[in-house]
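The file final.tsv comes next; it holds TSV, C-alpha atoms and all ligand atoms.
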```
chain	number	residue	atom	x	y	z
A	379	MET	CA	21.88	49.93	-90.51
A	380	ALA	CA	19.36	48.40	-88.13
A	381	LEU	CA	16.20	50.16	-86.97
A	382	GLU	CA	16.57	52.11	-83.77
A	383	PHE	CA	13.82	51.36	-81.25
A	384	SER	CA	12.83	53.30	-78.14
A	385	GLU	CA	14.41	52.41	-74.83
A	386	LYS	CA	11.20	50.84	-73.53
A	387	ILE	CA	11.28	48.22	-76.27
A	388	ARG	CA	14.32	46.77	-74.51
A	389	ARG	CA	12.46	46.82	-71.16
A	390	ILE	CA	9.04	45.39	-72.07
A	391	PRO	CA	8.91	41.65	-71.31
A	392	VAL	CA	7.44	39.33	-73.92
A	393	TYR	CA	4.01	38.11	-72.75
A	394	PRO	CA	4.12	34.33	-72.13
A	395	THR	CA	1.31	33.36	-74.49
A	396	ALA	CA	0.00	29.82	-74.57
A	397	GLY	CA	0.64	27.86	-77.74
A	398	GLY	CA	-1.68	25.40	-79.40
A	399	TYR	CA	-4.00	27.73	-81.30
A	400	ALA	CA	-2.82	26.42	-84.65
A	401	LEU	CA	-3.39	22.81	-83.60
A	402	GLY	CA	-6.48	20.76	-84.41
A	403	ASP	CA	-9.83	20.70	-82.60
A	404	GLU	CA	-8.96	17.39	-80.95
A	405	TYR	CA	-6.81	19.17	-78.36
A	406	ALA	CA	-8.22	19.92	-74.91
A	407	MET	CA	-7.32	23.62	-74.59
A	408	LEU	CA	-6.85	24.01	-70.84
A	409	ALA	CA	-4.03	26.57	-70.96
A	410	SER	CA	-5.71	29.99	-71.21
A	411	ASN	CA	-8.73	30.02	-68.88
A	412	GLU	CA	-11.21	30.41	-71.71
A	413	ALA	CA	-14.79	29.16	-71.44
A	414	PRO	CA	-15.20	25.69	-72.98
A	415	PHE	CA	-18.75	26.65	-74.01
A	416	GLY	CA	-19.90	27.96	-77.40
A	417	PRO	CA	-21.50	31.38	-77.86
A	418	LEU	CA	-24.44	32.28	-75.61
A	419	PRO	CA	-27.90	32.12	-77.25
A	420	GLY	CA	-28.47	34.98	-79.69
A	421	VAL	CA	-24.83	36.06	-79.76
A	422	GLU	CA	-24.09	34.55	-83.16
A	423	GLU	CA	-27.15	36.30	-84.66
A	424	ALA	CA	-26.30	39.65	-83.02
A	425	THR	CA	-22.73	39.41	-84.33
A	426	LEU	CA	-23.93	38.57	-87.84
A	427	ARG	CA	-26.30	41.56	-87.78
A	428	ALA	CA	-23.38	43.80	-86.86
A	429	LEU	CA	-21.32	42.20	-89.63
A	430	ARG	CA	-23.71	43.64	-92.24
A	431	ASN	CA	-22.55	47.13	-91.27
A	432	VAL	CA	-18.81	46.55	-91.13
A	433	ASN	CA	-18.30	49.20	-93.79
A	434	ARG	CA	-19.00	51.66	-90.91
A	435	TYR	CA	-16.63	52.41	-88.07
A	436	PRO	CA	-17.74	51.08	-84.69
A	437	ASP	CA	-19.48	53.53	-82.35
A	438	PRO	CA	-16.47	55.21	-80.71
A	439	SER	CA	-18.57	56.07	-77.65
A	440	ASN	CA	-19.59	52.38	-77.20
A	441	MET	CA	-22.86	53.89	-76.04
A	442	ARG	CA	-25.25	50.94	-76.46
A	443	LEU	CA	-22.94	48.61	-74.57
A	444	ARG	CA	-22.24	51.18	-71.87
A	445	ARG	CA	-25.97	51.77	-71.42
A	446	ALA	CA	-26.60	48.01	-71.19
A	447	LEU	CA	-23.89	47.68	-68.54
A	448	ALA	CA	-25.23	50.75	-66.75
A	449	ALA	CA	-28.69	49.17	-66.61
A	450	ARG	CA	-27.32	45.85	-65.41
A	451	TYR	CA	-25.31	47.38	-62.57
A	452	ASP	CA	-27.42	50.50	-61.91
A	453	PHE	CA	-24.24	52.48	-62.50
A	454	PRO	CA	-23.62	55.79	-64.35
A	455	PRO	CA	-22.66	55.13	-68.01
A	456	ASP	CA	-20.13	57.98	-67.98
A	457	ARG	CA	-18.15	55.99	-65.41
A	458	ILE	CA	-18.03	52.80	-67.52
A	459	ALA	CA	-14.96	52.35	-69.72
A	460	ILE	CA	-14.87	49.81	-72.56
A	461	GLY	CA	-11.78	48.15	-74.01
A	462	ALA	CA	-10.63	45.71	-76.69
A	463	GLY	CA	-10.40	43.14	-73.91
A	464	SER	CA	-9.74	44.27	-70.36
A	465	CYS	CA	-5.99	44.10	-71.09
A	466	ASP	CA	-6.54	47.11	-73.33
A	467	ILE	CA	-7.84	49.03	-70.29
A	468	LEU	CA	-4.95	47.76	-68.12
A	469	LEU	CA	-2.31	48.99	-70.56
A	470	SER	CA	-4.16	52.27	-71.09
A	471	ALA	CA	-4.39	52.76	-67.33
A	472	ALA	CA	-0.63	52.30	-67.15
A	473	GLU	CA	-0.11	54.89	-69.83
A	474	ALA	CA	-2.58	57.30	-68.22
A	475	LEU	CA	-1.32	56.97	-64.64
A	476	LEU	CA	2.35	55.97	-64.75
A	477	GLU	CA	5.60	57.67	-65.80
A	478	PRO	CA	9.22	57.74	-64.64
A	479	GLY	CA	9.27	58.58	-60.92
A	480	ALA	CA	5.82	57.04	-60.32
A	481	GLU	CA	5.32	53.68	-58.61
A	482	LEU	CA	3.12	50.67	-59.34
A	483	VAL	CA	2.39	48.03	-56.67
A	484	TYR	CA	1.15	44.51	-57.38
A	485	ALA	CA	1.39	40.97	-56.02
A	486	TRP	CA	3.38	38.09	-57.49
A	487	PRO	CA	2.77	35.55	-58.93
A	488	SER	CA	-0.10	37.36	-60.61
A	489	PHE	CA	-1.31	38.23	-64.12
A	490	SER	CA	1.45	38.20	-66.75
A	491	VAL	CA	0.32	41.53	-68.24
A	492	TYR	CA	1.17	43.50	-65.07
A	493	PRO	CA	4.98	43.49	-65.55
A	494	GLN	CA	4.45	45.08	-68.96
A	495	MET	CA	2.67	48.08	-67.39
A	496	ALA	CA	5.67	49.48	-65.58
A	497	ALA	CA	8.12	48.49	-68.30
A	498	ALA	CA	6.13	50.38	-70.93
A	499	THR	CA	5.95	53.56	-68.86
A	500	GLY	CA	9.28	53.73	-67.01
A	501	ALA	CA	7.54	53.64	-63.60
A	502	ARG	CA	9.09	51.78	-60.67
A	503	THR	CA	7.48	48.44	-59.81
A	504	ILE	CA	7.07	47.12	-56.30
A	505	VAL	CA	6.23	43.43	-56.38
A	506	VAL	CA	4.80	41.95	-53.16
A	507	PRO	CA	4.95	38.15	-52.74
A	508	LEU	CA	1.68	36.30	-52.12
A	509	ASP	CA	1.13	34.90	-48.61
A	510	ALA	CA	1.57	31.24	-47.59
A	511	ASP	CA	-1.93	30.44	-48.93
A	512	ASP	CA	-1.10	31.99	-52.33
A	513	ARG	CA	-3.35	34.97	-51.64
A	514	HIS	CA	-2.60	38.71	-51.86
A	515	ASP	CA	-0.83	39.95	-48.72
A	516	LEU	CA	-2.73	43.23	-48.50
A	517	ASP	CA	-0.97	44.43	-45.32
A	518	ALA	CA	2.38	44.05	-47.03
A	519	MET	CA	1.03	45.79	-50.12
A	520	ARG	CA	-0.33	48.69	-48.04
A	521	ALA	CA	3.14	49.05	-46.47
A	522	GLU	CA	4.60	49.61	-49.98
A	523	VAL	CA	2.32	52.55	-50.80
A	524	THR	CA	4.38	55.78	-50.82
A	525	VAL	CA	3.88	59.36	-52.02
A	526	ALA	CA	5.07	58.15	-55.43
A	527	THR	CA	2.44	55.39	-55.76
A	528	ARG	CA	-0.08	56.02	-58.53
A	529	LEU	CA	-1.59	52.57	-59.04
A	530	VAL	CA	-2.13	49.40	-57.00
A	531	LEU	CA	-3.36	46.24	-58.71
A	532	VAL	CA	-5.41	43.66	-56.81
A	533	CYS	CA	-6.25	40.57	-58.84
A	534	ASN	CA	-9.26	38.89	-57.21
A	535	PRO	CA	-9.54	35.95	-57.82
A	536	ASN	CA	-5.84	35.91	-58.61
A	537	ASN	CA	-4.44	34.55	-61.86
A	538	PRO	CA	-2.51	32.17	-61.81
A	539	THR	CA	-3.08	31.03	-58.21
A	540	SER	CA	-6.94	30.91	-58.42
A	541	THR	CA	-7.31	32.16	-54.83
A	542	ALA	CA	-9.57	35.01	-53.73
A	543	LEU	CA	-9.78	37.32	-50.77
A	544	PRO	CA	-13.11	38.13	-49.14
A	545	LEU	CA	-14.52	41.51	-50.11
A	546	ASP	CA	-14.25	42.69	-46.49
A	547	ALA	CA	-10.46	42.40	-46.69
A	548	ILE	CA	-10.34	44.40	-49.92
A	549	SER	CA	-12.69	47.07	-48.49
A	550	ALA	CA	-10.44	47.47	-45.44
A	551	PHE	CA	-7.41	47.74	-47.72
A	552	VAL	CA	-9.02	50.40	-49.90
A	553	ALA	CA	-9.99	52.40	-46.81
A	554	GLY	CA	-6.30	52.52	-45.84
A	555	VAL	CA	-4.96	53.70	-49.20
A	556	PRO	CA	-4.70	57.46	-49.89
A	557	ARG	CA	-7.42	58.91	-52.13
A	558	ASN	CA	-5.00	59.94	-54.86
A	559	VAL	CA	-3.83	56.35	-55.44
A	560	CYS	CA	-5.85	54.32	-57.94
A	561	VAL	CA	-6.76	50.83	-56.66
A	562	LEU	CA	-7.63	48.70	-59.67
A	563	VAL	CA	-9.33	45.43	-58.74
A	564	ASP	CA	-8.98	42.99	-61.63
A	565	GLU	CA	-12.12	40.85	-61.45
A	566	ALA	CA	-11.75	38.82	-64.65
A	567	TYR	CA	-12.94	35.71	-62.77
A	568	CYS	CA	-15.34	37.25	-60.23
A	569	GLU	CA	-18.35	35.31	-61.56
A	570	PHE	CA	-16.74	32.05	-60.40
A	571	ASN	CA	-16.00	33.30	-56.87
A	572	VAL	CA	-18.36	31.80	-54.30
A	573	LEU	CA	-16.89	33.67	-51.31
A	574	ASP	CA	-18.99	36.78	-52.06
A	575	ASP	CA	-21.79	37.80	-54.40
A	576	PRO	CA	-19.86	38.67	-57.60
A	577	ASP	CA	-21.58	42.05	-57.72
A	578	ALA	CA	-21.06	42.98	-54.07
A	579	SER	CA	-17.83	44.80	-54.98
A	580	ILE	CA	-19.84	47.42	-56.93
A	581	GLU	CA	-20.49	49.01	-53.53
A	582	LEU	CA	-16.73	49.60	-53.22
A	583	VAL	CA	-16.58	51.60	-56.43
A	584	ARG	CA	-19.67	53.57	-55.40
A	585	ARG	CA	-18.02	54.65	-52.15
A	586	HIS	CA	-14.43	55.24	-53.33
A	587	PRO	CA	-13.68	57.50	-56.33
A	588	ASN	CA	-10.15	56.03	-56.56
A	589	VAL	CA	-11.36	52.44	-57.12
A	590	VAL	CA	-11.73	50.79	-60.54
A	591	LEU	CA	-13.28	47.35	-61.07
A	592	LEU	CA	-12.02	45.63	-64.19
A	593	ARG	CA	-14.15	42.93	-65.82
A	594	THR	CA	-14.18	41.04	-69.07
A	595	PHE	CA	-16.34	39.24	-71.63
A	596	SER	CA	-13.43	36.86	-72.30
A	597	LYS	CA	-14.04	34.33	-69.54
A	598	VAL	CA	-17.53	33.30	-68.37
A	599	TYR	CA	-19.19	35.12	-71.31
A	600	GLY	CA	-17.06	33.12	-73.75
A	601	LEU	CA	-16.08	35.99	-76.07
A	602	ALA	CA	-12.27	35.87	-75.73
A	603	GLY	CA	-11.81	35.83	-79.51
A	604	LEU	CA	-13.77	39.06	-80.03
A	605	ARG	CA	-11.87	41.14	-77.42
A	606	CYS	CA	-14.15	43.11	-75.14
A	607	GLY	CA	-13.75	44.17	-71.53
A	608	TYR	CA	-15.00	46.96	-69.29
A	609	ALA	CA	-14.22	48.92	-66.17
A	610	LEU	CA	-16.56	50.38	-63.58
A	611	CYS	CA	-14.76	53.53	-62.51
A	612	GLY	CA	-14.93	55.40	-59.22
A	613	GLU	CA	-14.79	58.62	-61.19
A	614	GLU	CA	-15.40	59.64	-64.78
A	615	ALA	CA	-11.88	61.08	-65.08
A	616	PHE	CA	-10.48	57.53	-65.22
A	617	ARG	CA	-12.61	56.64	-68.26
A	618	VAL	CA	-11.73	59.91	-69.99
A	619	ALA	CA	-8.00	59.36	-69.36
A	620	VAL	CA	-7.92	55.81	-70.69
A	621	GLU	CA	-9.80	56.98	-73.78
A	622	GLN	CA	-7.33	59.83	-74.31
A	623	VAL	CA	-4.37	57.48	-74.70
A	624	ARG	CA	-6.00	55.12	-77.21
A	625	GLN	CA	-7.02	55.21	-80.85
A	626	PRO	CA	-10.63	56.42	-81.22
A	627	PHE	CA	-12.11	53.08	-82.41
A	628	PHE	CA	-10.64	50.75	-79.81
A	629	CYS	CA	-13.54	48.29	-79.59
A	630	ASN	CA	-14.80	46.73	-82.82
A	631	SER	CA	-18.46	46.67	-83.77
A	632	LEU	CA	-18.85	42.87	-83.63
A	633	ALA	CA	-17.46	42.79	-80.10
A	634	GLN	CA	-19.77	45.58	-78.96
A	635	ALA	CA	-22.85	43.86	-80.43
A	636	ALA	CA	-21.91	40.42	-79.07
A	637	ALA	CA	-21.21	41.76	-75.58
A	638	GLU	CA	-24.49	43.67	-75.46
A	639	GLU	CA	-26.41	40.53	-76.41
A	640	ALA	CA	-24.40	38.30	-74.05
A	641	LEU	CA	-25.34	40.48	-71.09
A	642	THR	CA	-29.02	39.60	-71.54
A	643	HIS	CA	-28.41	35.89	-70.80
A	644	GLN	CA	-27.66	35.94	-67.09
A	645	ASP	CA	-29.60	32.70	-66.44
A	646	GLU	CA	-27.26	30.86	-68.80
A	647	ILE	CA	-24.27	32.53	-67.11
A	648	THR	CA	-25.50	31.19	-63.77
A	649	ARG	CA	-25.79	27.70	-65.27
A	650	ARG	CA	-22.23	27.91	-66.66
A	651	VAL	CA	-20.91	29.00	-63.30
A	652	GLU	CA	-22.71	26.16	-61.52
A	653	GLN	CA	-21.33	23.63	-63.97
A	654	THR	CA	-17.80	25.03	-63.65
A	655	VAL	CA	-17.92	25.08	-59.85
A	656	ALA	CA	-19.20	21.47	-59.77
A	657	GLU	CA	-16.34	20.40	-62.07
A	658	ARG	CA	-13.91	22.42	-59.95
A	659	ILE	CA	-14.83	20.56	-56.78
A	660	GLY	CA	-14.43	17.18	-58.50
A	661	LEU	CA	-11.08	18.11	-60.07
A	662	GLU	CA	-9.70	19.44	-56.78
A	663	GLU	CA	-10.59	16.19	-55.03
A	664	GLU	CA	-9.07	14.01	-57.73
A	665	LEU	CA	-5.83	16.03	-57.91
A	666	ARG	CA	-5.46	15.81	-54.13
A	667	ALA	CA	-6.13	12.09	-54.32
A	668	LEU	CA	-3.17	11.89	-56.74
A	669	GLY	CA	-0.99	13.37	-53.97
A	670	LEU	CA	-0.73	16.86	-55.47
A	671	THR	CA	-1.14	20.18	-53.68
A	672	VAL	CA	-4.03	22.29	-54.96
A	673	ALA	CA	-4.72	25.94	-54.11
A	674	ASP	CA	-8.24	26.86	-52.97
A	675	SER	CA	-9.78	27.91	-56.29
A	676	GLN	CA	-12.43	30.58	-56.72
A	677	ALA	CA	-11.91	30.75	-60.47
A	678	ASN	CA	-12.43	28.65	-63.64
A	679	PHE	CA	-8.96	27.15	-63.30
A	680	LEU	CA	-6.79	25.33	-60.76
A	681	TRP	CA	-3.28	26.06	-59.52
A	682	HIS	CA	-1.63	22.84	-58.48
A	683	SER	CA	1.71	21.13	-58.02
A	684	LEU	CA	2.93	18.56	-60.52
A	685	ALA	CA	5.37	16.96	-58.15
A	686	ARG	CA	4.71	15.26	-54.87
A	687	ASN	CA	6.42	16.76	-51.82
A	688	GLY	CA	10.12	15.98	-51.72
A	689	ASP	CA	10.59	15.67	-55.48
A	690	ALA	CA	14.29	16.32	-56.15
A	691	ASP	CA	13.83	18.25	-59.40
A	692	PRO	CA	10.39	19.90	-59.61
A	693	ALA	CA	11.33	21.84	-62.78
A	694	ALA	CA	12.24	18.67	-64.69
A	695	ARG	CA	9.09	17.02	-63.39
A	696	GLU	CA	6.98	19.96	-64.56
A	697	ARG	CA	8.50	19.88	-68.04
A	698	ALA	CA	8.04	16.12	-68.38
A	699	ILE	CA	4.39	16.22	-67.31
A	700	VAL	CA	3.39	19.29	-69.35
A	701	GLU	CA	5.04	17.75	-72.42
A	702	GLY	CA	3.53	14.34	-71.70
A	703	LEU	CA	0.08	15.90	-71.48
A	704	ALA	CA	0.62	17.76	-74.76
A	705	GLU	CA	1.55	14.46	-76.45
A	706	ARG	CA	-1.81	13.20	-75.18
A	707	LYS	CA	-3.44	16.31	-76.69
A	708	VAL	CA	-4.11	18.07	-73.38
A	709	LEU	CA	-2.64	21.58	-73.07
A	710	ILE	CA	-2.11	23.19	-69.65
A	711	ARG	CA	0.16	26.08	-68.56
A	712	ALA	CA	3.53	25.28	-67.01
A	713	GLY	CA	4.01	27.04	-63.67
A	714	SER	CA	7.56	28.12	-64.46
A	715	ALA	CA	6.21	30.49	-67.14
A	716	LEU	CA	3.89	32.00	-64.52
A	717	GLY	CA	6.17	32.34	-61.51
A	718	ARG	CA	6.54	28.92	-59.84
A	719	GLU	CA	8.49	25.86	-60.92
A	720	GLY	CA	6.95	22.45	-60.42
A	721	TRP	CA	3.40	23.80	-60.59
A	722	ALA	CA	0.81	24.29	-63.30
A	723	ARG	CA	-2.34	26.22	-64.07
A	724	THR	CA	-5.11	24.09	-65.51
A	725	THR	CA	-8.33	25.57	-66.91
A	726	ILE	CA	-11.56	23.78	-66.03
A	727	GLY	CA	-12.92	22.44	-69.31
A	728	THR	CA	-15.94	20.32	-70.19
A	729	ALA	CA	-16.52	17.17	-68.12
A	730	ALA	CA	-15.00	15.10	-70.97
A	731	GLU	CA	-11.90	17.31	-71.22
A	732	ASN	CA	-11.37	17.24	-67.47
A	733	ARG	CA	-11.61	13.45	-67.50
A	734	ARG	CA	-9.01	13.26	-70.28
A	735	PHE	CA	-6.71	15.55	-68.34
A	736	LEU	CA	-7.02	13.52	-65.12
A	737	ASP	CA	-6.51	10.17	-66.85
A	738	ALA	CA	-3.46	11.41	-68.73
A	739	LEU	CA	-2.01	13.02	-65.61
A	740	ALA	CA	-2.55	9.87	-63.50
A	741	GLU	CA	-0.71	7.87	-66.18
A	742	LEU	CA	2.21	10.33	-66.22
A	743	LEU	CA	2.54	10.50	-62.43
B	801	LIG	C1	-7.99	36.69	-68.70
B	801	LIG	C2	-7.68	37.84	-67.81
B	801	LIG	C3	-8.07	39.12	-68.14
B	801	LIG	C4	-8.89	39.37	-69.37
B	801	LIG	O1	-8.20	39.73	-70.45
B	801	LIG	P1	-9.00	40.23	-71.73
B	801	LIG	O2	-8.09	41.22	-72.31
B	801	LIG	O3	-10.28	40.83	-71.24
B	801	LIG	O4	-9.23	39.03	-72.58
B	801	LIG	C5	-7.80	40.16	-67.29
B	801	LIG	N1	-7.16	39.94	-66.12
B	801	LIG	C6	-6.80	38.71	-65.76
B	801	LIG	C7	-6.16	38.52	-64.45
B	801	LIG	C8	-7.02	37.64	-66.59
B	801	LIG	O5	-6.63	36.41	-66.23
```
Take the structure in this file and express it as structure tokens.
Ligand SMILES: *Cc1c(COP(=O)(O)O)cnc(C)c1O
Amino acid sequence: MALEFSEKIRRIPVYPTAGGYALGDEYAMLASNEAPFGPLPGVEEATLRALRNVNRYPDPSNMRLRRALAARYDFPPDRIAIGAGSCDILLSAAEALLEPGAELVYAWPSFSVYPQMAAATGARTIVVPLDADDRHDLDAMRAEVTVATRLVLVCNPNNPTSTALPLDAISAFVAGVPRNVCVLVDEAYCEFNVLDDPDASIELVRRHPNVVLLRTFSKVYGLAGLRCGYALCGEEAFRVAVEQVRQPFFCNSLAQAAAEEALTHQDEITRRVEQTVAERIGLEEELRALGLTVADSQANFLWHSLARNGDADPAARERAIVEGLAERKVLIRAGSALGREGWARTTIGTAAENRRFLDALAELL
């Protein structure tokens, strides 16, 4: 007899992970929006120091890291939640807030983890299409908020479309959502957004107890492999709830130590952002010069077409180009896995990787 799984196991979609991790170092890994940079100064040493004590469990209160984040943002530590990556907090938020009869609202195309949140909890999902500029349509999202809504997700800048909304628009949206509905703003890429000061949104979470800002050490801080993320919560009850639904030691000691050290290198973060934004501008220009359509990126990746307008079979075109790039040892994400055929999401790598990508793409087009 076969094992009998719960009903939700039939509902939960399989996350479309990028491949390529078992390949050699000669590949340009432009498929998962990671930082192309090595560890920040001091992070290797801090991680090795923590390694000496791995016979101990990690601090389940994550107190040193929470205090470091509290100092950086001038924010109460009891309203800072830590996670094994910010996805850990997303899934815990789903478990803490959602259940059959409840509703979850988010935009699409957006982050591939969101569909899992409703599927895992039995809540109803309302998916609101992005607007013509591939940005969140906040008016349409507001119109979907009902008495059953528990959670609204706003991904800013949005993955996979790279676009961002100005903070003013998000503030106005939050003001129009009932107080009992959690508005979670996923800011995994906020450091790369030049529309607003990346930290201006903290004001939003200070003013609205129902707002949560979700951030991560996986992108600009370059710690994706260690798994550490955090949330600034409008009220302490959110942190307590997401801790209630998880195992006690959800964030490992190496990740906590590395993240705490990484936070102290903001000058280097600024340099990384400047380099990424400079590369972004160059890549956007070159892709447009190839006749492709490129969304207005505020992130460390680009969302662009792979077919020129009028292509008869964009899906076939997408497949051929993504495969052709992989043969040339450049990995990008096919748009069809992320919600749009004929498009792709390409992470901004080092100058050399970006050059390789552009040369290979020009050849294939
Ligand atoms: C990469 C990403 C995250 C971060 O995930 P981690 O679990 O922190 O690695 C969160 N949200 C979005 C939209 C992302 O693209």
Next item on the list: Name the closest residue to ligand LIG 801 (chain B) among the candidates A:Cys568, A:Ala550, A:Ala496, A:Ile390; distances are taken between atoms, counting all atoms listed in the file.
Entry: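 Between A:Cys568, A:Ala550, A:Ala496, A:Ile390, the residue approaching ligand LIG 801 (chain B) most closely is A:Cys568.
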Next item on the list: Compile the contact shell of Pro487 in chain A as a VMD selection string: residues with an atom at most 7 Å away, counting only C-alpha atoms, same-chain residues fewer than 3 positions apart removed.
Entry: chain A and resid 508 538 716 to 717
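CA of Glu412 in chain A is found 24.8 Å from CA of Leu742 in chain A.
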Next item on the list: Enumerate, as an NGL selection string, the protein, DNA and RNA residues whose atoms approach (-9.6, 42.4, -54.9) to within 9 Å, taking into account all atoms listed in the file and the coordinate frame of the file.
Entry: :A and (514 or 531-536 or 542-545 or 547-549 or 562-565 or 579 or 591)
I need the residues from that last selection saved to file as a PDB file, keeping the file's coordinate frame (with C-alpha atoms), if you can.
```pdb
ATOM      1  CA  HIS A 514      -2.600  38.710 -51.860  1.00  0.00           C
ATOM      2  CA  LEU A 531      -3.360  46.240 -58.710  1.00  0.00           C
ATOM      3  CA  VAL A 532      -5.410  43.660 -56.810  1.00  0.00           C
ATOM      4  CA  CYS A 533      -6.250  40.570 -58.840  1.00  0.00           C
ATOM      5  CA  ASN A 534      -9.260  38.890 -57.210  1.00  0.00           C
ATOM      6  CA  PRO A 535      -9.540  35.950 -57.820  1.00  0.00           C
ATOM      7  CA  ASN A 536      -5.840  35.910 -58.610  1.00  0.00           C
ATOM      8  CA  ALA A 542      -9.570  35.010 -53.730  1.00  0.00           C
ATOM      9  CA  LEU A 543      -9.780  37.320 -50.770  1.00  0.00           C
ATOM     10  CA  PRO A 544     -13.110  38.130 -49.140  1.00  0.00           C
ATOM     11  CA  LEU A 545     -14.520  41.510 -50.110  1.00  0.00           C
ATOM     12  CA  ALA A 547     -10.460  42.400 -46.690  1.00  0.00           C
ATOM     13  CA  ILE A 548     -10.340  44.400 -49.920  1.00  0.00           C
ATOM     14  CA  SER A 549     -12.690  47.070 -48.490  1.00  0.00           C
ATOM     15  CA  LEU A 562      -7.630  48.700 -59.670  1.00  0.00           C
ATOM     16  CA  VAL A 563      -9.330  45.430 -58.740  1.00  0.00           C
ATOM     17  CA  ASP A 564      -8.980  42.990 -61.630  1.00  0.00           C
ATOM     18  CA  GLU A 565     -12.120  40.850 -61.450  1.00  0.00           C
ATOM     19  CA  SER A 579     -17.830  44.800 -54.980  1.00  0.00           C
ATOM     20  CA  LEU A 591     -13.280  47.350 -61.070  1.00  0.00           C
TER      21      LEU A 591
END
```
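Going from atom C7 of ligand LIG 801 (chain B) to CA of Glu646 in chain A covers 22.9 Å.
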Next item on the list: Figure out the distance between CA of Trp486 in chain A and CA of Glu719 in chain A, please, to one decimal in Å.
Entry: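 Straight-line distance from CA of Glu719 in chain A to CA of Trp486 in chain A works out to 13.7 Å.
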Check: Between A:Arg658, A:Arg520, A:Arg557, A:Arg442, which has the minimum distance to Leu680 in chain A (counting only C-alpha atoms)?
Finding: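 Once distances to Leu680 in chain A are computed over only C-alpha atoms, the minimum belongs to A:Arg658.
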If you take only C-alpha atoms and all ligand atoms and a cut-off of 8 Å, which residues of chain A touch ligand LIG 801 (chain B), and what are their nearest atom pairs and distances in Å to one decimal, in chain and number order, as JSON lines?
```
{"residue": "A:Ser410", "atom": "CA", "partner": "B:LIG801", "partner_atom": "C1", "distance": 7.5}
{"residue": "A:Asn411", "atom": "CA", "partner": "B:LIG801", "partner_atom": "C1", "distance": 6.7}
{"residue": "A:Glu412", "atom": "CA", "partner": "B:LIG801", "partner_atom": "C1", "distance": 7.7}
{"residue": "A:Gly461", "atom": "CA", "partner": "B:LIG801", "partner_atom": "O3", "distance": 8.0}
{"residue": "A:Ala462", "atom": "CA", "partner": "B:LIG801", "partner_atom": "O2", "distance": 6.8}
{"residue": "A:Gly463", "atom": "CA", "partner": "B:LIG801", "partner_atom": "O2", "distance": 3.4}
{"residue": "A:Ser464", "atom": "CA", "partner": "B:LIG801", "partner_atom": "O3", "distance": 3.6}
{"residue": "A:Cys465", "atom": "CA", "partner": "B:LIG801", "partner_atom": "O2", "distance": 3.8}
{"residue": "A:Asp466", "atom": "CA", "partner": "B:LIG801", "partner_atom": "O2", "distance": 6.2}
{"residue": "A:Ser488", "atom": "CA", "partner": "B:LIG801", "partner_atom": "C7", "distance": 7.3}
{"residue": "A:Phe489", "atom": "CA", "partner": "B:LIG801", "partner_atom": "C7", "distance": 4.9}
{"residue": "A:Ser490", "atom": "CA", "partner": "B:LIG801", "partner_atom": "C7", "distance": 8.0}
{"residue": "A:Val491", "atom": "CA", "partner": "B:LIG801", "partner_atom": "N1", "distance": 7.9}
{"residue": "A:Cys533", "atom": "CA", "partner": "B:LIG801", "partner_atom": "C7", "distance": 6.0}
{"residue": "A:Asn534", "atom": "CA", "partner": "B:LIG801", "partner_atom": "C7", "distance": 7.9}
{"residue": "A:Pro535", "atom": "CA", "partner": "B:LIG801", "partner_atom": "C7", "distance": 7.9}
{"residue": "A:Asn536", "atom": "CA", "partner": "B:LIG801", "partner_atom": "C7", "distance": 6.4}
{"residue": "A:Asn537", "atom": "CA", "partner": "B:LIG801", "partner_atom": "C7", "distance": 5.0}
{"residue": "A:Pro538", "atom": "CA", "partner": "B:LIG801", "partner_atom": "O5", "distance": 7.4}
{"residue": "A:Asp564", "atom": "CA", "partner": "B:LIG801", "partner_atom": "N1", "distance": 5.7}
{"residue": "A:Glu565", "atom": "CA", "partner": "B:LIG801", "partner_atom": "N1", "distance": 6.9}
{"residue": "A:Ala566", "atom": "CA", "partner": "B:LIG801", "partner_atom": "C5", "distance": 4.9}
{"residue": "A:Tyr567", "atom": "CA", "partner": "B:LIG801", "partner_atom": "O5", "distance": 7.2}
{"residue": "A:Leu592", "atom": "CA", "partner": "B:LIG801", "partner_atom": "C5", "distance": 7.6}
{"residue": "A:Arg593", "atom": "CA", "partner": "B:LIG801", "partner_atom": "O3", "distance": 7.0}
{"residue": "A:Thr594", "atom": "CA", "partner": "B:LIG801", "partner_atom": "O3", "distance": 4.5}
{"residue": "A:Phe595", "atom": "CA", "partner": "B:LIG801", "partner_atom": "O3", "distance": 6.3}
{"residue": "A:Ser596", "atom": "CA", "partner": "B:LIG801", "partner_atom": "O4", "distance": 4.7}
{"residue": "A:Lys597", "atom": "CA", "partner": "B:LIG801", "partner_atom": "C1", "distance": 6.5}
{"residue": "A:Ala602", "atom": "CA", "partner": "B:LIG801", "partner_atom": "O4", "distance": 5.4}
{"residue": "A:Arg605", "atom": "CA", "partner": "B:LIG801", "partner_atom": "O4", "distance": 5.9}
{"residue": "A:Cys606", "atom": "CA", "partner": "B:LIG801", "partner_atom": "O3", "distance": 5.9}
{"residue": "A:Gly607", "atom": "CA", "partner": "B:LIG801", "partner_atom": "O3", "distance": 4.8}
{"residue": "A:Tyr608", "atom": "CA", "partner": "B:LIG801", "partner_atom": "O3", "distance": 8.0}
```
